[in-house]
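**Q** Shown below is the structure under consideration.
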Amino acid sequence: MTKNVKVRFPPSPTGFLHIGGARTALYNWLFARHHNGKLVLRIEDTDQVRSTNEATQSILESLQWLGLDWDEGPYYQSQRLAIYQESVEKLLKQGDATYIDDPEKGRAVRFKVKDVVTDIEDLIHGKIKFDTALIEDFIIQKGDGFPTYNFACVVDDGLMEISHIIRGDDHISNTPRQIALYHALGFDLPKFAHIPMILGEDGTRLSKRHGATSAVEYREKGYLPEAIINFIALLGWSPGNDQEFMTKQEMIEKFSLKRVNKSSARFDTVKLDWMNSKYIRELPAEKLASSLHYFIEKAGFDTNHLSDAWLQKLAELYKERFKTLSEFMIQTYPFFSNEIEYDNKAVEKFLKKDGVSSLISNTHAELKELKTFSIKEIEDCLRKVTTHQGIGFGKLAQPLRVAIVGKSASAGIFETLELLGKEKSLNRLEYAMKAFL
RNA sequence: GGCCCCAUCGUCUAGUUAGGCCUAGGACACCGGGUUUUCAUCCCGGCAACUGGGGUUCAAAUCCCCAUGGGGUCACCA
């Protein structure tokens with residue numbers, strides 16, 4: 001075990017935290033927690049044009065939502081200019097860097113690559129060879145006085161005594177340049193671990209055209225943070241057995257860079273949906289109901305006068321039928337709205353049939369007599385009707401279902417009626433009789 | 001294009017470090033069947049992969065080389 005493990009997650013605030021960044025953050029977090037080390041959060045906002053405060057806030061929020069906390073920071077590179085300046089001067093003095101002037105971009109500083117960089121020993125890839133003759137001199141301080149990525153990154157990692165750099169393997173090609181800087185600046189080399197990238201479903205680099213790619217989008221769609229974490233953890237890492245569901249604690253215990261894959265993975269939404277649905281089903285009724293509030297309001301319904309008990313019952317009743325929280329609203333819309341839409345096919349198939357008219361009006365009359373409108377009474381009542389008519393239960397359940405929720409699929413009919421309540425149920429039946437029978 | 005990384009079912013992966021226990025295991029998806037008042041859940045069963053070619057070896061998914069394919073990177077972006 002390495003002593004004094006210290007890692008960092010350094011997002012650049014030019015957009016939302018995307019799924020690849022989230023996983024990088026997760027692996028760093030897992031590694032730090034596993035080794036009882038520290039995780040530093042550093043905002044790399046050295047691009048004055050593209051960095052925004054909204055992006056920073058959004059990234060911080062996403063990390064919190066995912067439950068990834070940090071021990072130091074957030075540090076902002078834009079507030080550490082004097083520190084980089086010091087290193088620039090050191091390199092200038094050493095003759096490792098020179099000024100270059102550009103009439104338009106101003107005065108910049110360029111690092112002279114003379115160091116003979118040896119192969120890097122990557123914790124995931126093993127030896128990676130570079131032809132150092134191919135590495136060209138590069139800018140370390142821009143005309144606006146801000147450091148460039150490669151430079152600020154090395155200065156910070158060196159000063160902050162980062163022990164392991166765990167980042168996407170799209171950074172492999174930056175590594176020899178950074179190593180040259182470590183040498184010139186006199187810092188000890190950290191260990192590198194380049195993790196594979198997450199590709200879109202089509203195998204190309206993740207981008208906007210792949211639909212949802214940011215953490216906030218997944219939250220908006222109703223994915224649970226635990227499901228996202230579990231799912232992305234498995235994109236490039238596995239505990240070594242067939243276990244797929246893990247709590248964060250289990251992941252911390254089992255996480256090891258040795259078990260991180262070298263090859264990139266595709267993001268499979270279908271499997272994420274499945275995993276999310278599993279997590280939803282395991283959520284305690286109370287938590288599920290409270291998570292639902294946001295989505296209920298978003299759908300335009302007031303949650304202030306909503307009964308907790310009622311919502312919990314509804315959530316329990318439907319929890320194994322939806323894969324995301326937003327999908328819950330689609331399915332349970334008839335329970336919230338006074339106006340419902342009727343599916344034409346369902347109406348044709350189950351309502352507009354011989355005998356259904358009298359069946360429904362009979363049922364309506366029987367239900368109206370019920371003093372207690374709860375599952376048991378409703379079931380007894382409906383069973384009585386079908387027995388009396390000498391028909392199978394399905395012959396009543398389906399037309400009834402369509403009449404009260406507008407479609408041929410719903411949770412159990414007794415529960416549905418109970419949760420809808422006597423008044424609404426009877427109203428729906430009356431409406432259906434008038435409109436279709 | 002130069003340089004770099006990678007390569008097991010459609011997808012995520014186990015197996016590769018220490019070659020034999022692999023007629024390659026699990027999961028998602030898909031296809032059948034069962035349960036059920038519908039849908040979903042759930043249960044049972046099935047389909048499906050070591051990219052190709054050379055080596056090394058008694059033995060290769062596992063080691064080596066080449067080819068092919070995919071990805072990354074070549075900024076005063078990060």
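As shown in the structure tokens, the chain order sets the letters A, B, ...; within each chain, residues go from 1, and ligands are also counted from 1 in the order they appear.
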Neighbouring residues of region 374-388 of chain A were defined as those with any atom within 9 Å, considering only C-alpha atoms (C1' of nucleotides); residues of the same chain fewer than 5 positions away were excluded. Please report them as a list in words.
**A**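 Near neighbours after the sequence-gap exclusion: Leu359, Asn362, Thr363, Glu366, Leu367, Phe393, Lys395, Leu396, Ala397, Ile413, Phe414, Glu415, Thr416, Leu417, Glu418, Leu419, Gly421 and Lys422 of chain A.
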**Q** Go ahead and dump the residues you just picked, N, CA and C atoms, as a PDB file, in the first residue's frame.
**A**
ATOM      1  N   LEU A 359     -72.633  -3.687 -17.882  1.00  0.00           N
ATOM      2  CA  LEU A 359     -71.659  -4.190 -16.912  1.00  0.00           C
ATOM      3  C   LEU A 359     -71.056  -3.029 -16.111  1.00  0.00           C
ATOM      4  N   ASN A 362     -73.694  -1.394 -13.889  1.00  0.00           N
ATOM      5  CA  ASN A 362     -73.933  -2.259 -12.727  1.00  0.00           C
ATOM      6  C   ASN A 362     -72.843  -2.066 -11.682  1.00  0.00           C
ATOM      7  N   THR A 363     -71.631  -2.120 -12.194  1.00  0.00           N
ATOM      8  CA  THR A 363     -70.479  -1.986 -11.309  1.00  0.00           C
ATOM      9  C   THR A 363     -70.495  -0.628 -10.614  1.00  0.00           C
ATOM     10  N   GLU A 366     -72.915  -0.706  -7.839  1.00  0.00           N
ATOM     11  CA  GLU A 366     -72.441  -1.497  -6.698  1.00  0.00           C
ATOM     12  C   GLU A 366     -71.365  -0.751  -5.910  1.00  0.00           C
ATOM     13  N   LEU A 367     -70.454  -0.143  -6.663  1.00  0.00           N
ATOM     14  CA  LEU A 367     -69.360   0.570  -5.998  1.00  0.00           C
ATOM     15  C   LEU A 367     -69.893   1.771  -5.212  1.00  0.00           C
ATOM     16  N   PHE A 393     -63.098 -12.881 -14.377  1.00  0.00           N
ATOM     17  CA  PHE A 393     -62.790 -11.586 -13.781  1.00  0.00           C
ATOM     18  C   PHE A 393     -62.184 -10.602 -14.780  1.00  0.00           C
ATOM     19  N   LYS A 395     -62.928 -10.127 -17.702  1.00  0.00           N
ATOM     20  CA  LYS A 395     -63.954  -9.479 -18.533  1.00  0.00           C
ATOM     21  C   LYS A 395     -64.442  -8.167 -17.923  1.00  0.00           C
ATOM     22  N   LEU A 396     -64.290  -8.069 -16.633  1.00  0.00           N
ATOM     23  CA  LEU A 396     -64.699  -6.832 -15.964  1.00  0.00           C
ATOM     24  C   LEU A 396     -63.492  -5.921 -15.729  1.00  0.00           C
ATOM     25  N   ALA A 397     -62.401  -6.533 -15.316  1.00  0.00           N
ATOM     26  CA  ALA A 397     -61.218  -5.752 -14.959  1.00  0.00           C
ATOM     27  C   ALA A 397     -60.730  -4.848 -16.091  1.00  0.00           C
ATOM     28  N   ILE A 413     -56.268  -3.594 -10.240  1.00  0.00           N
ATOM     29  CA  ILE A 413     -57.489  -2.792 -10.348  1.00  0.00           C
ATOM     30  C   ILE A 413     -58.055  -2.376  -8.983  1.00  0.00           C
ATOM     31  N   PHE A 414     -57.945  -3.250  -8.000  1.00  0.00           N
ATOM     32  CA  PHE A 414     -58.478  -2.896  -6.675  1.00  0.00           C
ATOM     33  C   PHE A 414     -57.684  -1.741  -6.068  1.00  0.00           C
ATOM     34  N   GLU A 415     -56.381  -1.890  -6.134  1.00  0.00           N
ATOM     35  CA  GLU A 415     -55.502  -0.853  -5.590  1.00  0.00           C
ATOM     36  C   GLU A 415     -55.695   0.466  -6.335  1.00  0.00           C
ATOM     37  N   THR A 416     -55.841   0.332  -7.646  1.00  0.00           N
ATOM     38  CA  THR A 416     -56.018   1.525  -8.461  1.00  0.00           C
ATOM     39  C   THR A 416     -57.281   2.278  -8.040  1.00  0.00           C
ATOM     40  N   LEU A 417     -58.364   1.544  -7.862  1.00  0.00           N
ATOM     41  CA  LEU A 417     -59.612   2.179  -7.454  1.00  0.00           C
ATOM     42  C   LEU A 417     -59.476   2.814  -6.072  1.00  0.00           C
ATOM     43  N   GLU A 418     -58.838   2.073  -5.183  1.00  0.00           N
ATOM     44  CA  GLU A 418     -58.706   2.597  -3.830  1.00  0.00           C
ATOM     45  C   GLU A 418     -57.927   3.908  -3.815  1.00  0.00           C
ATOM     46  N   LEU A 419     -56.791   3.904  -4.517  1.00  0.00           N
ATOM     47  CA  LEU A 419     -55.958   5.096  -4.499  1.00  0.00           C
ATOM     48  C   LEU A 419     -56.581   6.267  -5.238  1.00  0.00           C
ATOM     49  N   GLY A 421     -59.696   6.804  -5.234  1.00  0.00           N
ATOM     50  CA  GLY A 421     -60.729   7.294  -4.322  1.00  0.00           C
ATOM     51  C   GLY A 421     -62.121   7.094  -4.912  1.00  0.00           C
ATOM     52  N   LYS A 422     -63.091   7.010  -4.025  1.00  0.00           N
ATOM     53  CA  LYS A 422     -64.454   6.720  -4.456  1.00  0.00           C
ATOM     54  C   LYS A 422     -65.016   7.776  -5.410  1.00  0.00           C
TER      55      LYS A 422
END
**Q** Show which residues sit within 9 Å of region 15-21 of chain B, as a JSON list (two decimals) with N, CA and C atoms (P, O5', C5', C4', C3', O3' and C1' of nucleotides), in the first residue's frame. Count only C-alpha atoms (C1' of nucleotides), and ignore same-chain residues fewer than 2 positions away.
**A**
[["chain", "number", "residue", "atom", "x", "y", "z"],
["B", 24, "A", "P", -17.51, -23.38, -24.44],
["B", 24, "A", "O5'", -16.51, -22.55, -23.51],
["B", 24, "A", "C5'", -16.56, -22.67, -22.09],
["B", 24, "A", "C4'", -16.09, -21.39, -21.47],
["B", 24, "A", "C3'", -17.08, -20.22, -21.63],
["B", 24, "A", "O3'", -18.01, -20.21, -20.59],
["B", 24, "A", "C1'", -14.95, -19.54, -22.35],
["B", 25, "G", "P", -19.53, -20.59, -20.82],
["B", 25, "G", "O5'", -20.17, -20.16, -19.45],
["B", 25, "G", "C5'", -19.85, -20.86, -18.25],
["B", 25, "G", "C4'", -19.72, -19.89, -17.12],
["B", 25, "G", "C3'", -20.75, -18.77, -17.14],
["B", 25, "G", "O3'", -22.00, -19.17, -16.62],
["B", 25, "G", "C1'", -18.62, -17.85, -16.80],
["B", 57, "U", "P", 9.46, -24.01, -29.49],
["B", 57, "U", "O5'", 8.43, -24.51, -28.38],
["B", 57, "U", "C5'", 8.69, -24.26, -27.00],
["B", 57, "U", "C4'", 7.49, -24.63, -26.19],
["B", 57, "U", "C3'", 6.90, -26.00, -26.50],
["B", 57, "U", "O3'", 7.60, -27.03, -25.84],
["B", 57, "U", "C1'", 5.16, -24.38, -26.37],
["B", 59, "A", "P", 2.55, -28.00, -28.67],
["B", 59, "A", "O5'", 1.43, -27.65, -27.58],
["B", 59, "A", "C5'", 0.14, -28.28, -27.66],
["B", 59, "A", "C4'", -0.72, -27.81, -26.53],
["B", 59, "A", "C3'", -0.94, -26.30, -26.46],
["B", 59, "A", "O3'", -2.03, -25.95, -27.29],
["B", 59, "A", "C1'", -0.37, -27.14, -24.32],
["B", 60, "A", "P", -2.04, -24.50, -28.05],
["B", 60, "A", "O5'", -2.28, -23.51, -26.81],
["B", 60, "A", "C5'", -3.55, -23.43, -26.09],
["B", 60, "A", "C4'", -3.88, -21.97, -25.94],
["B", 60, "A", "C3'", -4.07, -21.31, -27.30],
["B", 60, "A", "O3'", -5.42, -21.15, -27.72],
["B", 60, "A", "C1'", -2.41, -20.15, -25.97],
["B", 61, "A", "P", -6.74, -20.97, -27.01],
["B", 61, "A", "O5'", -7.15, -19.45, -26.68],
["B", 61, "A", "C5'", -7.60, -18.57, -27.68],
["B", 61, "A", "C4'", -7.70, -17.17, -27.11],
["B", 61, "A", "C3'", -6.45, -16.70, -26.38],
["B", 61, "A", "O3'", -5.58, -16.06, -27.27],
["B", 61, "A", "C1'", -8.36, -16.38, -25.02],
["B", 62, "U", "P", -4.09, -15.76, -26.84],
["B", 62, "U", "O5'", -4.32, -14.69, -25.69],
["B", 62, "U", "C5'", -3.25, -14.10, -25.00],
["B", 62, "U", "C4'", -3.43, -14.29, -23.50],
["B", 62, "U", "C3'", -2.12, -14.57, -22.79],
["B", 62, "U", "O3'", -1.81, -13.48, -21.93],
["B", 62, "U", "C1'", -3.87, -16.04, -22.07],
["B", 63, "C", "P", -1.06, -12.20, -22.60],
["B", 63, "C", "O5'", 0.37, -12.82, -22.97],
["B", 63, "C", "C5'", 1.40, -12.88, -22.00],
["B", 63, "C", "C4'", 2.69, -13.29, -22.67],
["B", 63, "C", "C3'", 2.93, -12.62, -24.01],
["B", 63, "C", "O3'", 3.53, -11.35, -23.84],
["B", 63, "C", "C1'", 3.27, -14.94, -24.24]]
**Q** Select, as a ChimeraX atom specification, those residues of chain B with any atom no more than 12 Å from chain A (distances computed using only C-alpha atoms (C1' of nucleotides)).
**A** /B:2-8,10-17,25-29,36-42,70-78
**Q** Under the rule that only C-alpha atoms are counted, which of A:Arg80, A:Leu30, A:Arg23, A:Lys323 is the nearest residue to Thr247 (chain A)?
**A**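 Closest residue, counting only C-alpha atoms: A:Leu30.
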**Q** Can you pull out every residue within 10 Å of region 33-35 of chain B, counting only C-alpha atoms (C1' of nucleotides), but drop anything in the same chain fewer than 6 positions away, and send it as a tab-separated table (two decimals) with C-alpha atoms (C1' of nucleotides), in the first residue's frame?
**A**
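So result-v5.tsv came out as:
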chain	number	residue	atom	x	y	z
B	42	C	C1'	-40.86	-12.56	-10.86
B	43	C	C1'	-39.33	-17.77	-12.27
B	44	C	C1'	-37.47	-21.34	-16.05
B	45	G	C1'	-35.13	-22.19	-20.76
**Q** Set the distance at 12 Å and use only C-alpha atoms (C1' of nucleotides): which residues neighbour Gln57 (chain A) once local chain neighbours fewer than 3 positions away are removed? I'd like the list as a list in words.
**A** Pro11, Ser12, Pro13, Thr14, Gly15, Phe16, Leu17, Ile43, Ser51, Thr52, Asn53, Glu54, Leu60, Glu61, Ser62, Leu63, Gln64, Pro74 and Val216 of chain A
**Q** Which distance in Å separates CA of Ala212 (chain A) and CA of Ser290 (chain A), to one decimal?
**A**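 If I compute the distance from CA of Ala212 (chain A) to CA of Ser290 (chain A), I get 24.2 Å.
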**Q** Using DSSP on the backbone coordinates, identify the residues of region 105-211 of chain A assigned to strand (DSSP E or B); present them as a short mmCIF file (atom, residue, chain, number, x, y, z; two decimals) with all heavy atoms, in the first residue's frame.
**A**
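What follows is the written file states09.cif:
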data_model
loop_
_atom_site.label_atom_id
_atom_site.label_comp_id
_atom_site.auth_asym_id
_atom_site.auth_seq_id
_atom_site.Cartn_x
_atom_site.Cartn_y
_atom_site.Cartn_z
N GLY A 106 0.12 39.18 -27.49
CA GLY A 106 0.90 39.64 -26.36
C GLY A 106 2.12 38.80 -26.10
O GLY A 106 2.53 37.98 -26.93
N ARG A 107 2.69 38.98 -24.91
CA ARG A 107 3.93 38.29 -24.57
C ARG A 107 3.65 36.98 -23.84
O ARG A 107 3.05 36.96 -22.77
CB ARG A 107 4.78 39.20 -23.70
CG ARG A 107 6.10 38.60 -23.31
CD ARG A 107 6.99 39.65 -22.70
NE ARG A 107 8.28 39.69 -23.38
CZ ARG A 107 9.38 40.19 -22.82
NH1 ARG A 107 9.33 40.71 -21.60
NH2 ARG A 107 10.51 40.18 -23.48
N ALA A 108 4.12 35.90 -24.43
CA ALA A 108 3.91 34.59 -23.81
C ALA A 108 5.24 33.99 -23.42
O ALA A 108 6.30 34.52 -23.76
CB ALA A 108 3.20 33.67 -24.80
N VAL A 109 5.18 32.89 -22.68
CA VAL A 109 6.40 32.20 -22.28
C VAL A 109 6.37 30.77 -22.81
O VAL A 109 5.37 30.08 -22.67
CB VAL A 109 6.56 32.17 -20.74
CG1 VAL A 109 7.84 31.44 -20.36
CG2 VAL A 109 6.55 33.58 -20.18
N ARG A 110 7.46 30.39 -23.42
CA ARG A 110 7.51 29.06 -24.01
C ARG A 110 8.57 28.21 -23.32
O ARG A 110 9.68 28.65 -23.05
CB ARG A 110 7.82 29.15 -25.51
CG ARG A 110 7.76 27.78 -26.20
CD ARG A 110 7.66 27.92 -27.69
NE ARG A 110 8.75 28.72 -28.24
CZ ARG A 110 8.70 29.31 -29.43
NH1 ARG A 110 7.62 29.21 -30.18
NH2 ARG A 110 9.72 29.99 -29.88
N PHE A 111 8.19 26.99 -23.07
CA PHE A 111 9.09 26.05 -22.40
C PHE A 111 9.92 25.32 -23.45
O PHE A 111 9.40 24.88 -24.47
CB PHE A 111 8.26 25.04 -21.59
CG PHE A 111 9.09 24.01 -20.87
CD1 PHE A 111 9.91 24.36 -19.80
CD2 PHE A 111 9.05 22.67 -21.27
CE1 PHE A 111 10.67 23.40 -19.13
CE2 PHE A 111 9.81 21.71 -20.61
CZ PHE A 111 10.63 22.08 -19.54
N ILE A 120 7.15 6.15 -19.61
CA ILE A 120 6.40 6.28 -18.37
C ILE A 120 5.86 4.92 -17.97
O ILE A 120 5.57 4.06 -18.80
CB ILE A 120 5.26 7.31 -18.47
CG1 ILE A 120 4.10 6.80 -19.33
CG2 ILE A 120 5.79 8.62 -18.99
CD1 ILE A 120 2.88 7.69 -19.24
N GLU A 121 5.78 4.74 -16.67
CA GLU A 121 5.27 3.48 -16.14
C GLU A 121 3.86 3.75 -15.64
O GLU A 121 3.66 4.30 -14.57
CB GLU A 121 6.18 3.02 -14.99
CG GLU A 121 5.88 1.65 -14.46
CD GLU A 121 6.09 0.54 -15.49
OE1 GLU A 121 7.07 0.61 -16.27
OE2 GLU A 121 5.25 -0.38 -15.52
N ASP A 122 2.90 3.40 -16.47
CA ASP A 122 1.51 3.69 -16.13
C ASP A 122 0.93 2.54 -15.31
O ASP A 122 1.17 1.37 -15.61
CB ASP A 122 0.71 3.88 -17.43
CG ASP A 122 -0.68 4.40 -17.16
OD1 ASP A 122 -1.58 3.58 -16.89
OD2 ASP A 122 -0.87 5.63 -17.22
N GLY A 126 0.92 -0.05 -18.01
CA GLY A 126 2.29 -0.55 -17.98
C GLY A 126 3.19 0.45 -18.67
O GLY A 126 2.90 1.64 -18.68
N LYS A 127 4.26 -0.01 -19.27
CA LYS A 127 5.18 0.90 -19.94
C LYS A 127 4.58 1.54 -21.18
O LYS A 127 3.97 0.88 -22.01
CB LYS A 127 6.43 0.12 -20.39
CG LYS A 127 7.56 0.21 -19.40
CD LYS A 127 8.87 -0.25 -20.05
CE LYS A 127 10.04 -0.10 -19.10
NZ LYS A 127 9.71 -0.30 -17.68
N ILE A 128 4.75 2.85 -21.29
CA ILE A 128 4.32 3.53 -22.50
C ILE A 128 5.55 4.27 -23.02
O ILE A 128 6.19 5.04 -22.30
CB ILE A 128 3.20 4.55 -22.22
CG1 ILE A 128 1.98 3.86 -21.62
CG2 ILE A 128 2.81 5.26 -23.52
CD1 ILE A 128 0.83 4.78 -21.26
N PHE A 138 6.66 24.10 -25.94
CA PHE A 138 5.25 24.51 -25.84
C PHE A 138 5.07 25.68 -24.89
O PHE A 138 5.91 25.95 -24.03
CB PHE A 138 4.39 23.32 -25.40
CG PHE A 138 4.83 22.69 -24.08
CD1 PHE A 138 4.25 23.10 -22.88
CD2 PHE A 138 5.81 21.69 -24.06
CE1 PHE A 138 4.65 22.51 -21.68
CE2 PHE A 138 6.21 21.10 -22.87
CZ PHE A 138 5.63 21.52 -21.67
N ILE A 139 3.98 26.38 -25.07
CA ILE A 139 3.67 27.57 -24.29
C ILE A 139 3.25 27.18 -22.87
O ILE A 139 2.48 26.23 -22.68
CB ILE A 139 2.49 28.34 -24.93
CG1 ILE A 139 2.80 28.70 -26.38
CG2 ILE A 139 2.15 29.58 -24.11
CD1 ILE A 139 3.88 29.73 -26.56
N ILE A 140 3.80 27.89 -21.88
CA ILE A 140 3.38 27.61 -20.51
C ILE A 140 2.61 28.80 -19.91
O ILE A 140 1.87 28.64 -18.95
CB ILE A 140 4.57 27.25 -19.60
CG1 ILE A 140 5.64 28.34 -19.65
CG2 ILE A 140 5.16 25.90 -20.02
CD1 ILE A 140 6.77 28.10 -18.66
N GLN A 141 2.85 29.97 -20.49
CA GLN A 141 2.08 31.13 -20.03
C GLN A 141 1.58 31.89 -21.24
O GLN A 141 2.34 32.22 -22.14
CB GLN A 141 2.95 32.04 -19.16
CG GLN A 141 2.15 33.15 -18.50
CD GLN A 141 3.00 33.97 -17.53
OE1 GLN A 141 3.95 34.63 -17.92
NE2 GLN A 141 2.65 33.90 -16.25
N PRO A 147 -1.61 30.82 -17.00
CA PRO A 147 -0.83 29.63 -17.36
C PRO A 147 -1.64 28.75 -18.30
O PRO A 147 -2.86 28.82 -18.31
CB PRO A 147 -0.62 28.94 -16.02
CG PRO A 147 -1.85 29.29 -15.23
CD PRO A 147 -2.16 30.71 -15.62
N HIS A 164 -0.90 10.35 -6.92
CA HIS A 164 -1.37 9.58 -8.07
C HIS A 164 -2.25 10.44 -8.98
O HIS A 164 -3.14 11.11 -8.49
CB HIS A 164 -2.21 8.38 -7.62
CG HIS A 164 -1.44 7.37 -6.83
ND1 HIS A 164 -1.04 7.59 -5.54
CD2 HIS A 164 -1.01 6.13 -7.18
CE1 HIS A 164 -0.40 6.51 -5.10
NE2 HIS A 164 -0.36 5.62 -6.07
N ILE A 165 -1.96 10.38 -10.24
CA ILE A 165 -2.78 11.12 -11.19
C ILE A 165 -3.64 10.12 -11.95
O ILE A 165 -3.14 9.33 -12.75
CB ILE A 165 -1.90 11.94 -12.14
CG1 ILE A 165 -1.20 13.04 -11.32
CG2 ILE A 165 -2.73 12.53 -13.26
CD1 ILE A 165 -0.36 13.98 -12.13
N ILE A 166 -4.91 10.15 -11.62
CA ILE A 166 -5.85 9.24 -12.26
C ILE A 166 -6.72 10.07 -13.18
O ILE A 166 -7.47 10.93 -12.74
CB ILE A 166 -6.73 8.54 -11.20
CG1 ILE A 166 -5.85 7.80 -10.19
CG2 ILE A 166 -7.69 7.57 -11.88
CD1 ILE A 166 -6.59 7.30 -8.96
N ARG A 167 -6.59 9.86 -14.46
CA ARG A 167 -7.30 10.69 -15.43
C ARG A 167 -7.58 9.89 -16.69
O ARG A 167 -7.10 8.76 -16.85
CB ARG A 167 -6.45 11.92 -15.76
CG ARG A 167 -5.31 11.52 -16.55
CD ARG A 167 -3.95 11.99 -16.76
NE ARG A 167 -3.57 13.33 -16.64
CZ ARG A 167 -2.34 13.78 -16.85
NH1 ARG A 167 -1.36 12.93 -17.22
NH2 ARG A 167 -2.05 15.02 -16.70
N GLY A 168 -8.36 10.47 -17.59
CA GLY A 168 -8.71 9.79 -18.83
C GLY A 168 -7.50 9.55 -19.70
O GLY A 168 -6.53 10.31 -19.65
N LYS A 191 2.62 9.05 -9.57
CA LYS A 191 2.34 7.85 -10.36
C LYS A 191 1.17 8.18 -11.28
O LYS A 191 0.26 8.91 -10.90
CB LYS A 191 1.96 6.69 -9.44
CG LYS A 191 3.07 6.30 -8.48
CD LYS A 191 3.17 4.78 -8.45
CE LYS A 191 4.15 4.29 -7.39
NZ LYS A 191 5.51 4.84 -7.56
N PHE A 192 1.21 7.63 -12.48
CA PHE A 192 0.14 7.90 -13.43
C PHE A 192 -0.75 6.69 -13.64
O PHE A 192 -0.27 5.55 -13.66
CB PHE A 192 0.73 8.30 -14.79
CG PHE A 192 1.42 9.64 -14.76
CD1 PHE A 192 2.80 9.71 -14.56
CD2 PHE A 192 0.70 10.81 -14.93
CE1 PHE A 192 3.44 10.94 -14.53
CE2 PHE A 192 1.35 12.05 -14.90
CZ PHE A 192 2.71 12.12 -14.70
N ALA A 193 -2.03 6.95 -13.76
CA ALA A 193 -2.99 5.88 -14.06
C ALA A 193 -3.97 6.43 -15.08
O ALA A 193 -4.82 7.26 -14.75
CB ALA A 193 -3.71 5.45 -12.79
N HIS A 194 -3.82 6.02 -16.31
CA HIS A 194 -4.71 6.52 -17.36
C HIS A 194 -5.86 5.55 -17.60
O HIS A 194 -5.67 4.46 -18.11
CB HIS A 194 -3.92 6.79 -18.63
CG HIS A 194 -3.06 8.00 -18.52
ND1 HIS A 194 -1.71 7.94 -18.19
CD2 HIS A 194 -3.36 9.32 -18.62
CE1 HIS A 194 -1.23 9.18 -18.13
NE2 HIS A 194 -2.20 10.03 -18.38
N ILE A 195 -7.03 6.01 -17.21
CA ILE A 195 -8.20 5.14 -17.33
C ILE A 195 -8.86 5.29 -18.70
O ILE A 195 -8.77 6.36 -19.32
CB ILE A 195 -9.22 5.46 -16.21
CG1 ILE A 195 -9.76 6.89 -16.33
CG2 ILE A 195 -8.57 5.29 -14.84
CD1 ILE A 195 -10.76 7.24 -15.24
N ILE A 198 -15.03 6.66 -21.80
CA ILE A 198 -16.37 6.15 -21.98
C ILE A 198 -16.85 6.68 -23.32
O ILE A 198 -16.82 7.88 -23.57
CB ILE A 198 -17.32 6.64 -20.87
CG1 ILE A 198 -16.87 6.08 -19.53
CG2 ILE A 198 -18.74 6.19 -21.18
CD1 ILE A 198 -17.70 6.58 -18.36
N LEU A 199 -17.25 5.75 -24.18
CA LEU A 199 -17.71 6.14 -25.51
C LEU A 199 -19.24 6.16 -25.55
O LEU A 199 -19.90 5.56 -24.71
CB LEU A 199 -17.21 5.12 -26.53
CG LEU A 199 -15.85 5.30 -27.21
CD1 LEU A 199 -14.90 6.20 -26.43
CD2 LEU A 199 -15.21 3.96 -27.48
N ARG A 205 -16.69 9.08 -29.63
CA ARG A 205 -16.51 9.91 -28.46
C ARG A 205 -17.83 10.53 -28.01
O ARG A 205 -18.62 10.98 -28.81
CB ARG A 205 -15.50 11.02 -28.80
CG ARG A 205 -14.95 11.71 -27.58
CD ARG A 205 -14.21 12.98 -27.97
NE ARG A 205 -13.63 13.58 -26.79
CZ ARG A 205 -12.36 13.47 -26.44
NH1 ARG A 205 -11.55 12.80 -27.22
NH2 ARG A 205 -11.91 14.00 -25.35
#
**Q** Neighbouring residues of Ile280 (chain A) were defined as those with any atom within 12 Å, considering only C-alpha atoms (C1' of nucleotides); residues of the same chain fewer than 4 positions away were excluded. Please report them as a ChimeraX atom specification.
**A** /A:222-228,273-276,284-289,291-292,315-316,318-328
**Q** Report the distance between CA of Met160 (chain A) and CA of Ser214 (chain A) in Å, rounded to one decimal place.
**A**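 Interatomic distance here is 28.6 Å.
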